[in-house]
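Printed here is run_8.txt (compact mmCIF, C-alpha atoms):
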# COMPACT_ATOMS: atom_id res chain seq x y z
CA MET A 1 68.74 42.80 75.89
CA ASP A 2 71.57 41.75 73.63
CA CYS A 3 72.25 38.05 73.28
CA ILE A 4 75.59 36.50 72.38
CA ALA A 5 75.56 33.58 69.92
CA PRO A 6 77.72 30.59 70.89
CA ARG A 7 80.91 29.94 68.95
CA VAL A 8 80.55 26.92 66.67
CA GLY A 9 83.71 25.48 65.08
CA GLY A 10 86.28 27.69 63.35
CA ASP A 11 89.31 29.34 64.88
CA PRO A 12 89.09 29.58 68.68
CA ARG A 13 91.09 32.84 68.59
CA SER A 14 88.55 34.63 66.32
CA PRO A 15 85.89 36.69 68.10
CA ALA A 16 82.39 35.26 68.23
CA PRO A 17 79.81 36.76 65.87
CA ARG A 18 77.52 39.24 67.58
CA ALA A 19 73.81 38.95 67.21
CA VAL A 20 72.01 42.26 67.43
CA THR A 21 68.38 42.45 68.54
CA ARG A 22 65.83 45.08 67.63
CA LEU A 23 66.57 46.79 70.93
CA GLY A 24 70.25 47.05 70.09
CA ARG A 25 69.56 48.45 66.60
CA SER A 26 67.31 51.11 68.08
CA ARG A 27 70.20 52.25 70.31
CA GLY A 28 72.39 52.94 67.25
CA TRP A 29 74.31 49.69 66.99
CA GLU A 30 75.43 48.17 63.68
CA PRO A 31 72.72 46.75 61.40
CA MET A 32 72.53 43.08 60.54
CA ALA A 33 73.86 41.71 57.26
CA GLY A 34 71.68 42.63 54.30
CA GLU A 35 70.17 45.71 55.99
CA LYS A 36 71.00 49.39 55.17
CA LYS A 37 70.99 52.49 57.27
CA ALA A 38 68.43 55.18 56.53
CA GLY A 39 69.71 57.71 53.95
CA GLU A 40 72.77 55.63 53.02
CA LYS A 41 73.67 55.87 49.31
CA LYS A 42 74.56 52.86 47.19
CA ALA A 43 78.31 52.67 46.50
CA LYS A 44 79.15 53.24 42.81
CA LYS A 45 81.18 50.64 40.99
CA PRO A 46 84.45 51.91 39.44
CA ARG A 47 83.83 52.76 35.80
CA LYS A 48 85.95 50.86 33.31
CA HIS A 49 87.67 53.01 30.73
CA HIS A 50 87.39 52.04 27.08
CA ALA A 51 90.47 50.22 25.84
CA SER A 52 91.25 49.14 22.31
CA ARG A 53 91.12 45.47 21.43
CA ASN A 54 94.33 45.97 19.50
CA PRO A 55 97.18 46.79 21.92
CA VAL A 56 99.76 49.22 20.58
CA LEU A 57 103.26 47.81 20.18
CA ALA A 58 104.81 51.04 18.91
CA ARG A 59 103.41 54.37 17.85
CA GLY A 60 101.05 53.67 14.96
CA ILE A 61 101.71 49.88 15.00
CA GLY A 62 99.15 47.53 16.55
CA LYS A 63 99.60 43.94 17.67
CA TYR A 64 96.97 42.55 15.28
CA SER A 65 96.61 43.18 11.55
CA ARG A 66 93.56 44.69 9.89
CA SER A 67 92.19 41.28 8.85
CA ALA A 68 92.76 39.87 12.35
CA MET A 69 90.87 42.80 13.90
CA TYR A 70 88.06 42.27 11.39
CA ALA A 71 87.60 38.78 12.86
CA ARG A 72 88.10 39.87 16.51
CA LYS A 73 85.43 42.58 16.23
CA ALA A 74 83.08 40.19 14.39
CA MET A 75 82.66 42.73 11.63
CA TYR A 76 81.44 39.96 9.31
CA LYS A 77 78.20 39.80 11.33
CA ARG A 78 77.38 43.44 10.67
CA LYS A 79 75.72 44.51 7.47
CA TYR A 80 76.31 47.91 5.92
CA ASP A 81 74.17 49.39 3.16
CA ALA A 82 76.25 51.82 1.14
CA PRO A 83 74.33 54.62 -0.63
CA GLU A 84 73.53 53.88 -4.25
CA THR A 85 75.67 55.79 -6.72
CA LYS A 86 74.45 57.52 -9.89
CA ILE A 87 76.06 54.86 -12.08
CA GLU A 88 74.36 52.07 -10.14
CA LYS A 89 71.01 53.85 -10.50
CA LYS A 90 71.54 54.14 -14.25
CA LYS A 91 72.36 50.43 -14.48
CA ARG A 92 69.26 49.56 -12.48
CA GLU A 93 67.07 51.92 -14.50
CA LYS A 94 68.53 50.81 -17.83
CA ALA A 95 66.26 51.39 -20.80
CA PRO A 96 65.18 48.28 -22.68
CA ALA A 97 67.27 47.43 -25.74
CA THR A 98 64.32 46.07 -27.75
CA LEU A 99 60.70 46.98 -28.43
CA THR A 100 57.75 44.84 -29.48
CA LYS A 101 55.93 46.40 -32.44
CA PRO A 102 52.73 45.22 -34.05
CA VAL A 103 53.17 44.10 -37.65
CA GLY A 104 50.32 44.00 -40.13
CA GLY A 105 49.58 41.00 -42.33
CA ASP A 106 48.17 37.53 -41.71
CA LYS A 107 51.45 35.60 -42.10
CA ASN A 108 53.74 37.98 -40.14
CA GLY A 109 52.85 36.76 -36.65
CA GLY A 110 51.23 39.98 -35.47
CA ASN A 111 54.23 41.24 -33.39
CA ARG A 112 57.93 41.66 -34.02
CA VAL A 113 60.86 42.41 -31.64
CA VAL A 114 62.86 45.38 -32.94
CA LYS A 115 66.09 46.92 -31.61
CA VAL A 116 65.72 50.41 -30.21
CA ARG A 117 69.18 51.43 -31.44
CA LYS A 118 69.94 50.05 -34.87
CA MET A 119 73.49 49.13 -35.80
CA PRO A 120 75.02 51.08 -38.72
CA ARG A 121 74.96 49.44 -42.11
CA TYR A 122 78.32 50.75 -43.25
CA TYR A 123 81.57 51.18 -41.31
CA PRO A 124 84.49 53.47 -42.21
CA THR A 125 87.51 51.69 -43.67
CA GLU A 126 89.86 53.76 -41.44
CA ASP A 127 89.53 54.58 -37.77
CA VAL A 128 88.36 58.14 -37.30
CA PRO A 129 90.08 59.72 -34.28
CA ARG A 130 87.65 61.24 -31.82
CA LYS A 131 88.03 63.15 -28.58
CA LEU A 132 87.49 61.17 -25.41
CA LEU A 133 84.93 62.37 -22.89
CA SER A 134 86.75 64.07 -20.04
CA HIS A 135 83.74 64.78 -17.78
CA GLY A 136 84.02 68.56 -18.03
CA LYS A 137 87.77 68.73 -17.51
CA LYS A 138 89.50 71.46 -19.47
CA PRO A 139 92.92 71.11 -21.11
CA PHE A 140 95.91 72.87 -19.57
CA CYS A 141 95.73 75.74 -22.05
CA GLN A 142 92.25 76.63 -20.74
CA HIS A 143 93.11 76.44 -17.03
CA LYS A 144 92.65 79.61 -15.02
CA ARG A 145 96.00 81.05 -13.95
CA LYS A 146 96.30 82.12 -10.34
CA LEU A 147 99.05 84.04 -8.58
CA ARG A 148 99.88 84.10 -4.87
CA ALA A 149 98.83 87.31 -3.16
CA SER A 150 102.38 87.78 -1.83
CA ILE A 151 103.84 87.88 -5.37
CA THR A 152 103.39 91.22 -7.13
CA PRO A 153 105.48 92.91 -9.87
CA GLY A 154 108.75 94.01 -8.32
CA THR A 155 108.75 91.48 -5.45
CA VAL A 156 112.14 89.97 -4.61
CA LEU A 157 111.87 86.16 -4.76
CA ILE A 158 114.20 83.41 -3.51
CA ILE A 159 114.60 80.56 -6.02
CA LEU A 160 114.56 77.13 -4.35
CA THR A 161 115.36 74.76 -7.23
CA GLY A 162 117.56 74.57 -10.30
CA ARG A 163 121.05 75.86 -10.99
CA HIS A 164 120.20 79.26 -9.46
CA ARG A 165 118.75 77.91 -6.19
CA GLY A 166 119.26 80.20 -3.22
CA LYS A 167 119.61 83.31 -5.37
CA ARG A 168 117.37 86.36 -5.04
CA VAL A 169 115.64 87.64 -8.19
CA VAL A 170 113.15 90.35 -9.16
CA PHE A 171 109.69 89.26 -10.35
CA LEU A 172 108.57 91.00 -13.57
CA LYS A 173 105.25 89.44 -14.68
CA GLN A 174 103.25 86.21 -14.98
CA LEU A 175 103.21 84.54 -18.41
CA ALA A 176 100.24 82.87 -20.13
CA SER A 177 101.33 79.40 -18.93
CA GLY A 178 101.27 80.56 -15.29
CA LEU A 179 105.06 80.63 -14.96
CA LEU A 180 106.82 83.67 -13.50
CA LEU A 181 109.21 85.83 -15.53
CA VAL A 182 112.16 86.88 -13.34
CA THR A 183 115.56 88.51 -13.72
CA GLY A 184 118.61 88.76 -11.42
CA PRO A 185 119.57 91.27 -12.84
CA LEU A 186 122.37 89.49 -14.69
CA ALA A 187 125.04 92.06 -13.73
CA ILE A 188 124.40 91.51 -9.99
CA ASN A 189 123.92 87.76 -9.45
CA ARG A 190 124.30 86.20 -12.94
CA VAL A 191 120.59 85.23 -13.20
CA PRO A 192 119.30 86.00 -16.73
CA LEU A 193 115.73 86.50 -17.91
CA ARG A 194 114.11 83.16 -17.22
CA ARG A 195 110.89 81.43 -16.21
CA THR A 196 110.20 79.76 -12.84
CA HIS A 197 107.24 78.17 -11.08
CA GLN A 198 105.63 79.94 -8.14
CA LYS A 199 105.69 76.68 -6.16
CA PHE A 200 109.47 76.80 -6.00
CA VAL A 201 110.03 80.37 -4.83
CA ILE A 202 109.80 82.20 -1.50
CA ALA A 203 108.24 85.65 -1.73
CA THR A 204 110.01 88.21 0.49
CA SER A 205 108.69 91.48 1.85
CA THR A 206 111.33 93.41 -0.16
CA LYS A 207 109.92 95.09 -3.26
CA VAL A 208 111.38 97.08 -6.14
CA ASP A 209 109.29 99.77 -7.85
CA ILE A 210 109.20 98.60 -11.51
CA SER A 211 106.05 100.51 -12.49
CA GLY A 212 108.09 102.53 -15.01
CA VAL A 213 109.87 99.52 -16.54
CA LYS A 214 108.73 98.65 -20.07
CA LEU A 215 109.12 94.98 -20.99
CA PRO A 216 109.38 93.82 -24.62
CA LYS A 217 106.08 92.34 -25.84
CA HIS A 218 107.73 89.28 -27.37
CA LEU A 219 108.78 87.92 -23.94
CA THR A 220 106.29 85.04 -23.99
CA ASP A 221 106.39 81.27 -23.38
CA ALA A 222 107.29 80.66 -27.03
CA TYR A 223 110.31 82.95 -26.63
CA PHE A 224 111.72 80.72 -23.85
CA LYS A 225 110.91 77.39 -25.51
CA LYS A 226 113.91 75.07 -25.81
CA LYS A 227 115.25 74.44 -29.28
CA ARG A 228 116.28 70.93 -30.24
CA LEU A 229 119.98 70.59 -30.86
CA ARG A 230 121.20 68.67 -33.89
CA LYS A 231 122.54 65.20 -33.18
CA PRO A 232 125.26 63.87 -35.49
CA LYS A 233 124.33 61.01 -37.84
CA HIS A 234 127.00 58.45 -38.74
CA GLN A 235 127.24 58.20 -42.51
CA GLU A 236 129.87 57.05 -44.99
CA GLY A 237 132.99 59.17 -44.78
CA GLU A 238 131.81 60.91 -41.59
CA ILE A 239 132.81 58.34 -39.00
CA PHE A 240 134.77 60.81 -36.86
CA ASP A 241 132.22 63.64 -37.14
CA THR A 242 130.72 63.13 -33.64
CA GLU A 243 130.60 66.73 -32.41
CA LYS A 244 127.25 67.70 -30.91
CA GLU A 245 125.69 71.07 -31.54
CA LYS A 246 126.24 73.30 -28.49
CA TYR A 247 123.75 75.78 -27.14
CA GLU A 248 124.66 79.39 -27.77
CA VAL A 249 122.89 82.48 -26.47
CA THR A 250 121.31 84.36 -29.37
CA GLU A 251 121.88 88.04 -30.01
CA GLN A 252 118.17 88.65 -29.44
CA ARG A 253 118.46 87.29 -25.89
CA LYS A 254 121.46 89.49 -25.14
CA THR A 255 119.68 92.59 -26.44
CA ASP A 256 116.53 91.88 -24.42
CA GLN A 257 118.60 91.25 -21.27
CA LYS A 258 120.34 94.63 -21.62
CA THR A 259 117.01 96.39 -22.32
CA VAL A 260 115.39 95.08 -19.12
CA ASP A 261 118.41 95.33 -16.82
CA SER A 262 119.26 98.88 -17.93
CA GLN A 263 115.87 99.99 -16.56
CA ILE A 264 116.03 98.02 -13.27
CA LEU A 265 119.67 98.67 -12.22
CA PRO A 266 119.24 102.45 -11.64
CA ILE A 267 116.21 101.71 -9.39
CA ILE A 268 118.22 99.17 -7.35
CA LYS A 269 121.13 101.62 -6.90
CA LYS A 270 118.79 104.19 -5.33
CA VAL A 271 117.85 101.81 -2.47
CA PRO A 272 120.70 101.41 0.07
CA GLN A 273 122.04 97.86 0.65
CA LEU A 274 119.62 96.39 -1.94
CA ARG A 275 122.43 95.53 -4.36
CA GLY A 276 124.26 93.52 -1.70
CA TYR A 277 120.99 91.86 -0.65
CA LEU A 278 120.31 90.64 -4.21
CA ARG A 279 123.92 89.44 -4.56
CA SER A 280 123.80 87.34 -1.33
CA VAL A 281 122.72 83.70 -1.48
CA PHE A 282 120.03 82.34 0.86
CA ALA A 283 120.92 79.23 2.87
CA LEU A 284 119.98 77.62 6.19
CA SER A 285 122.52 76.91 8.93
CA ASN A 286 122.32 74.82 12.09
CA GLY A 287 119.61 75.99 14.46
CA VAL A 288 117.87 78.12 11.81
CA TYR A 289 114.35 76.93 11.02
CA PRO A 290 112.52 78.20 7.90
CA HIS A 291 109.08 78.24 9.58
CA LYS A 292 110.41 80.72 12.16
CA LEU A 293 112.01 83.09 9.64
CA VAL A 294 110.39 86.30 8.45
CA PHE A 295 111.23 86.92 4.79
Could you rewrite the structure in this file as structure tokens?
Amino acid sequence: MDCIAPRVGGDPRSPAPRAVTRLGRSRGWEPMAGEKKAGEKKAKKPRKHHASRNPVLARGIGKYSRSAMYARKAMYKRKYDAPETKIEKKKREKAPATLTKPVGGDKNGGNRVVKVRKMPRYYPTEDVPRKLLSHGKKPFCQHKRKLRASITPGTVLIILTGRHRGKRVVFLKQLASGLLLVTGPLAINRVPLRRTHQKFVIATSTKVDISGVKLPKHLTDAYFKKKRLRKPKHQEGEIFDTEKEKYEVTEQRKTDQKTVDSQILPIIKKVPQLRGYLRSVFALSNGVYPHKLVF
């Protein structure tokens, strides 16, 4: 039979604790404290998610600095062994600077310490210039020139920098320095024969067939090199002679421009709307994004 335990102290309104005998447990009543039902699984504790010790104040900005977090994480207690570099190995395995050689004779002490690398007896009176070690690096003149796959002879390019930015030009060839030789032509958009870097152009899908165009062989980097203009020097009797030498286009440049453009202009006229396309200037307006455009 079940027995009821007497109420001792506490709130008189609270129900009295119930004592359950073995008989009551066998009839399916509640188990006593500390006992489990058969087949009952242990309740899992809620798993705590990992949180940073450095709370974020704003995006990319933490509450504590790097040195403060070093102390909070107790990083000073941890020891890290970095891999030994080649230079450190060479320093550790440094060859001895001296050698001990046996010396003949009774009064010579038997052994003598000798330097492995002897210092020169004579030094040059003037410093001889020598090339510095560059660890296998080649000078710019020996660099391998590469060209983007989208840029081929005859491709229409959009210039992004300089006085002709936004204009469309025709690519002719790549020079020895890696720069691109382009032309407007001059009669269409006032862009002469000039050099430009492939970093600062956009290659379009429009192409002009220039396979039959013959370019002068002297169109090289030396041809486009800037010439120094003469600066006036103040001397006696020439106080008011302060006119600077102005740049003037040479007759050679004008002849070469006509030679190239005379071959390209007839090809452009054959393609409908190409002349107007080369004359138009590229620019972005509101709501137009370059990464969504197809050139």
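We find atom CA of A:Val201 and atom CA of A:Asp256 to be spaced 23.6 Å apart.
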Exercise for the section: Pick out the closest residue to A:Arg194 from this set: A:Arg279, A:Arg148, A:Arg253, A:Lys217. Count all atoms listed in the file. Expected result: A:Arg253
Exercise for the section: Between A:Thr259, A:Glu251, A:Tyr122, A:Leu293, single out the one closest to A:Ile202, counting all atoms listed in the file. Expected result: A:Leu293
Exercise for the section: Please measure the separation of atom CA of A:Thr183 and atom CA of A:Gln198, giving the value in Å to one decimal. Expected result: 14.3 Å
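If you measure from each of A:Asn111, A:Ile267, A:Ala203, A:Arg228 to A:Ala149 using only C-alpha atoms, the closest one turns out to be A:Ala203.
The gap separating atom CA of A:Val116 from atom CA of A:Leu99 is 6.3 Å, in Å to one decimal.
Comparing A:Val213, A:Ile188, A:Val281, A:Val260 by their smallest distance to A:Lys167, the closest is A:Val281 (using only C-alpha atoms).
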Exercise for the section: Tell me which protein, DNA and RNA residues are within 12 Å of A:Lys146, counting only C-alpha atoms, leaving out same-chain ones fewer than 2 positions away, and put them as a PyMOL selection string. Expected result: chain A and resi 143-144+148-152+174-180+197-199
Problem - Contacts of A:Val103 at 12 Å (all atoms listed in the file; same-chain gap of 4+ positions) as an MDAnalysis selection string - result: chainID A and resid 107:114
